[in-house]
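A.B. asks: Can you read through this structure? Questions will come right after.
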Amino acid sequence: MTDHPERAADRAAERALVLFSGGQDSSVCLAWALDRFGYVETVGFDYGQRHVVELQARQAVRARMIERFPPWAERLGPDHMLDISSFGAVAESALTADRAIEMQANGLPSTFVPGRNLVFFVYAAALADRRGLKALVGGMCETDFSGYPDCRRETLDAMQGTLNLGMAQDFAIETPLMWLTKAETWGLAKTLGGEPLVELIVAESHTCYAGDREHRHPWGYGCGTCPACALRAKGFEDWVAGGRLEAAVP
Ligand code: ZN
């Protein structure tokens, strides 16, 4: 809205690939990309996740966005699902095996999958090269989660440089949520799609590590106690307490 028209026109010609898990963050990233770029495809990774629910949430979020937001439906291209289960086997952790979520001696939670975002970007970039897509959009965030070294913008700047050198490309890794709090991520959803988008994300996106789709809370479905639910609930409650404000579009 505050953009110069010529800049908005440039972006309309740009083509993007969103790393899309069906969680809250990547759903907001998908909305951000559909608002910003002229053409958007999505990619998901099956690395032997514990829960099929996450994969189903991806399709539900895409379907509801097509249904509720006609201008976005015109820009949304195909979804890709890449099987990287061999990586899951190497990087076994609490997300991919039945292990309790706890802090490890190195200060990282056991849910941390070493190198996961790096692998995602290598696969995403190879796909983007073939599909003629230039922006690679991911929901990584430093603000609330300082523990994941591959979510840092510094890591992703290095990754972008490596991909462009190694693939002779001109990719831009876009991380719109990088400096937002979880409350502001809800605010961004409201800016992009109003309360209908907030409701869509509450109802369809999935974050819970336990794969719980039975218990509905104001912030969505989940067990309510795992670290992912705790973070999502806290962000939503903070956003509500702050008056459900819109957030500036990064
Ligand atoms: Zn949970």
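Note on naming: chains are A, B, ... as they come in the structure tokens, residues start from 1 per chain, ligands start from 1 in the order shown.
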Given only C-alpha atoms and all ligand atoms, how would the per-residue table for chain A near ligand 1 read, listing every residue at most 9 Å away with its closest atom pair and distance in Å to one decimal, sorted by chain and number, as JSON lines?
C.D. replies:
```
{"residue": "A:Thr207", "atom": "CA", "partner": "ligand 1", "partner_atom_place_in_ligand_line": "1 (Zn)", "distance": 7.1}
{"residue": "A:Cys208", "atom": "CA", "partner": "ligand 1", "partner_atom_place_in_ligand_line": "1 (Zn)", "distance": 3.6}
{"residue": "A:Tyr209", "atom": "CA", "partner": "ligand 1", "partner_atom_place_in_ligand_line": "1 (Zn)", "distance": 5.1}
{"residue": "A:Ala210", "atom": "CA", "partner": "ligand 1", "partner_atom_place_in_ligand_line": "1 (Zn)", "distance": 5.0}
{"residue": "A:Gly211", "atom": "CA", "partner": "ligand 1", "partner_atom_place_in_ligand_line": "1 (Zn)", "distance": 6.8}
{"residue": "A:Asp212", "atom": "CA", "partner": "ligand 1", "partner_atom_place_in_ligand_line": "1 (Zn)", "distance": 6.4}
{"residue": "A:Tyr221", "atom": "CA", "partner": "ligand 1", "partner_atom_place_in_ligand_line": "1 (Zn)", "distance": 8.2}
{"residue": "A:Gly222", "atom": "CA", "partner": "ligand 1", "partner_atom_place_in_ligand_line": "1 (Zn)", "distance": 4.6}
{"residue": "A:Cys223", "atom": "CA", "partner": "ligand 1", "partner_atom_place_in_ligand_line": "1 (Zn)", "distance": 3.9}
{"residue": "A:Gly224", "atom": "CA", "partner": "ligand 1", "partner_atom_place_in_ligand_line": "1 (Zn)", "distance": 5.0}
{"residue": "A:Thr225", "atom": "CA", "partner": "ligand 1", "partner_atom_place_in_ligand_line": "1 (Zn)", "distance": 5.4}
{"residue": "A:Cys226", "atom": "CA", "partner": "ligand 1", "partner_atom_place_in_ligand_line": "1 (Zn)", "distance": 4.2}
{"residue": "A:Pro227", "atom": "CA", "partner": "ligand 1", "partner_atom_place_in_ligand_line": "1 (Zn)", "distance": 6.8}
{"residue": "A:Ala228", "atom": "CA", "partner": "ligand 1", "partner_atom_place_in_ligand_line": "1 (Zn)", "distance": 5.8}
{"residue": "A:Cys229", "atom": "CA", "partner": "ligand 1", "partner_atom_place_in_ligand_line": "1 (Zn)", "distance": 4.4}
{"residue": "A:Ala230", "atom": "CA", "partner": "ligand 1", "partner_atom_place_in_ligand_line": "1 (Zn)", "distance": 7.3}
```
A.B. asks: Restricted to C-alpha atoms, what would the selected residues look like written as a short mmCIF file (atom, residue, chain, number, x, y, z; two decimals), in the first residue's frame?
C.D. replies:
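As a result, result.cif now contains:
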```
data_model
loop_
_atom_site.label_atom_id
_atom_site.label_comp_id
_atom_site.auth_asym_id
_atom_site.auth_seq_id
_atom_site.Cartn_x
_atom_site.Cartn_y
_atom_site.Cartn_z
CA THR A 207 2.29 -26.44 14.78
CA CYS A 208 1.89 -28.97 17.65
CA TYR A 209 4.78 -31.43 18.01
CA ALA A 210 2.36 -34.04 19.39
CA GLY A 211 0.19 -33.94 16.23
CA ASP A 212 -2.92 -33.13 18.28
CA TYR A 221 -5.46 -27.01 17.49
CA GLY A 222 -2.84 -28.69 19.64
CA CYS A 223 -1.95 -30.50 22.85
CA GLY A 224 -1.45 -27.12 24.54
CA THR A 225 1.65 -28.20 26.45
CA CYS A 226 4.47 -29.03 23.99
CA PRO A 227 7.02 -26.24 23.29
CA ALA A 228 5.46 -25.48 19.87
CA CYS A 229 1.97 -25.10 21.38
CA ALA A 230 3.34 -23.04 24.26
#
```
A.B. asks: Write out as number ranges by chain the residues lying within 12 Å of A:Val119, counting only C-alpha atoms and excluding same-chain residues fewer than 3 positions away.
C.D. replies: A: 19, 45, 47, 82-88, 91, 113-116, 122-126, 150, 156, 159, 163
A.B. asks: Pull N, CA, C and O atoms from the residues just selected and write them as a JSON list (two decimals), in the first residue's frame.
C.D. replies:
```
[["chain", "number", "residue", "atom", "x", "y", "z"],
["A", 19, "LEU", "N", 8.92, -22.09, 1.15],
["A", 19, "LEU", "CA", 9.15, -23.30, 1.93],
["A", 19, "LEU", "C", 7.97, -23.41, 2.89],
["A", 19, "LEU", "O", 7.82, -22.60, 3.81],
["A", 45, "PHE", "N", 8.73, -30.70, 2.56],
["A", 45, "PHE", "CA", 9.74, -31.75, 2.68],
["A", 45, "PHE", "C", 9.23, -32.86, 3.58],
["A", 45, "PHE", "O", 8.83, -32.61, 4.71],
["A", 47, "TYR", "N", 10.60, -35.67, 5.55],
["A", 47, "TYR", "CA", 11.84, -36.29, 6.02],
["A", 47, "TYR", "C", 11.53, -37.29, 7.13],
["A", 47, "TYR", "O", 12.30, -37.48, 8.06],
["A", 82, "LEU", "N", 8.89, -32.96, -1.61],
["A", 82, "LEU", "CA", 10.15, -33.66, -1.86],
["A", 82, "LEU", "C", 10.43, -34.64, -0.72],
["A", 82, "LEU", "O", 10.37, -34.28, 0.46],
["A", 83, "ASP", "N", 10.74, -35.84, -1.10],
["A", 83, "ASP", "CA", 11.05, -36.88, -0.11],
["A", 83, "ASP", "C", 12.54, -36.80, 0.24],
["A", 83, "ASP", "O", 13.40, -37.08, -0.60],
["A", 84, "ILE", "N", 12.82, -36.38, 1.46],
["A", 84, "ILE", "CA", 14.22, -36.35, 1.90],
["A", 84, "ILE", "C", 14.36, -37.23, 3.16],
["A", 84, "ILE", "O", 15.05, -36.88, 4.11],
["A", 85, "SER", "N", 13.70, -38.38, 3.12],
["A", 85, "SER", "CA", 13.68, -39.25, 4.30],
["A", 85, "SER", "C", 15.07, -39.79, 4.64],
["A", 85, "SER", "O", 15.34, -40.11, 5.80],
["A", 86, "SER", "N", 15.97, -39.85, 3.65],
["A", 86, "SER", "CA", 17.33, -40.31, 3.97],
["A", 86, "SER", "C", 18.02, -39.29, 4.88],
["A", 86, "SER", "O", 18.79, -39.66, 5.76],
["A", 87, "PHE", "N", 17.68, -37.99, 4.69],
["A", 87, "PHE", "CA", 18.23, -36.97, 5.60],
["A", 87, "PHE", "C", 17.64, -37.14, 7.00],
["A", 87, "PHE", "O", 18.35, -37.06, 8.00],
["A", 88, "GLY", "N", 16.34, -37.43, 7.04],
["A", 88, "GLY", "CA", 15.69, -37.66, 8.33],
["A", 88, "GLY", "C", 16.33, -38.80, 9.09],
["A", 88, "GLY", "O", 16.48, -38.76, 10.31],
["A", 91, "ALA", "N", 19.66, -37.46, 10.49],
["A", 91, "ALA", "CA", 19.54, -36.40, 11.48],
["A", 91, "ALA", "C", 18.45, -36.70, 12.51],
["A", 91, "ALA", "O", 17.79, -35.79, 12.99],
["A", 113, "VAL", "N", 17.09, -30.24, 14.44],
["A", 113, "VAL", "CA", 17.59, -31.19, 13.45],
["A", 113, "VAL", "C", 18.79, -30.53, 12.79],
["A", 113, "VAL", "O", 18.64, -29.55, 12.08],
["A", 114, "PRO", "N", 20.02, -31.05, 13.03],
["A", 114, "PRO", "CA", 21.20, -30.35, 12.52],
["A", 114, "PRO", "C", 21.19, -30.20, 11.01],
["A", 114, "PRO", "O", 21.00, -31.18, 10.28],
["A", 115, "GLY", "N", 21.34, -28.97, 10.55],
["A", 115, "GLY", "CA", 21.45, -28.72, 9.12],
["A", 115, "GLY", "C", 20.15, -28.73, 8.35],
["A", 115, "GLY", "O", 20.16, -28.61, 7.12],
["A", 116, "ARG", "N", 19.03, -28.84, 9.05],
["A", 116, "ARG", "CA", 17.77, -29.03, 8.33],
["A", 116, "ARG", "C", 17.45, -27.88, 7.36],
["A", 116, "ARG", "O", 17.13, -28.12, 6.20],
["A", 122, "VAL", "N", 18.95, -26.05, -0.17],
["A", 122, "VAL", "CA", 19.62, -26.66, -1.32],
["A", 122, "VAL", "C", 18.58, -27.30, -2.25],
["A", 122, "VAL", "O", 18.59, -27.08, -3.46],
["A", 123, "TYR", "N", 17.66, -28.05, -1.65],
["A", 123, "TYR", "CA", 16.62, -28.69, -2.47],
["A", 123, "TYR", "C", 15.70, -27.63, -3.09],
["A", 123, "TYR", "O", 15.33, -27.72, -4.26],
["A", 124, "ALA", "N", 15.33, -26.64, -2.29],
["A", 124, "ALA", "CA", 14.42, -25.61, -2.79],
["A", 124, "ALA", "C", 15.06, -24.85, -3.95],
["A", 124, "ALA", "O", 14.40, -24.56, -4.95],
["A", 125, "ALA", "N", 16.35, -24.55, -3.83],
["A", 125, "ALA", "CA", 17.03, -23.80, -4.88],
["A", 125, "ALA", "C", 17.14, -24.62, -6.16],
["A", 125, "ALA", "O", 16.97, -24.08, -7.26],
["A", 126, "ALA", "N", 17.42, -25.91, -6.02],
["A", 126, "ALA", "CA", 17.50, -26.77, -7.21],
["A", 126, "ALA", "C", 16.14, -26.80, -7.92],
["A", 126, "ALA", "O", 16.06, -26.70, -9.15],
["A", 150, "ASP", "N", 20.58, -22.40, 12.45],
["A", 150, "ASP", "CA", 20.29, -22.28, 11.01],
["A", 150, "ASP", "C", 19.06, -21.42, 10.74],
["A", 150, "ASP", "O", 18.61, -21.32, 9.60],
["A", 156, "LEU", "N", 21.63, -17.52, 6.78],
["A", 156, "LEU", "CA", 20.90, -17.53, 5.50],
["A", 156, "LEU", "C", 21.55, -16.60, 4.47],
["A", 156, "LEU", "O", 21.50, -16.88, 3.28],
["A", 159, "MET", "N", 24.15, -18.77, 3.14],
["A", 159, "MET", "CA", 23.50, -19.79, 2.30],
["A", 159, "MET", "C", 23.14, -19.19, 0.93],
["A", 159, "MET", "O", 23.37, -19.82, -0.11],
["A", 163, "LEU", "N", 24.54, -20.60, -2.58],
["A", 163, "LEU", "CA", 23.64, -21.10, -3.63],
["A", 163, "LEU", "C", 23.88, -20.34, -4.93],
["A", 163, "LEU", "O", 23.92, -20.94, -6.02]]
```
A.B. asks: Neighbours of A:Arg75 within 9 Å (only C-alpha atoms; same-chain residues fewer than 2 positions away dropped), as a PyMOL selection string?
C.D. replies: chain A and resi 34+37-41+71-73+77
A.B. asks: Could you check which of A:Ala168, A:Val18, A:Val137, A:Val61 is closest to A:Gly44, using only C-alpha atoms?
C.D. replies: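 Of all the options, A:Val18 lies closest to A:Gly44.
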A.B. asks: Go ahead and compute the interatomic distance for atom CA of A:Val90 and atom CA of A:Ile173, in Å to one decimal.
C.D. replies: 25.6 Å
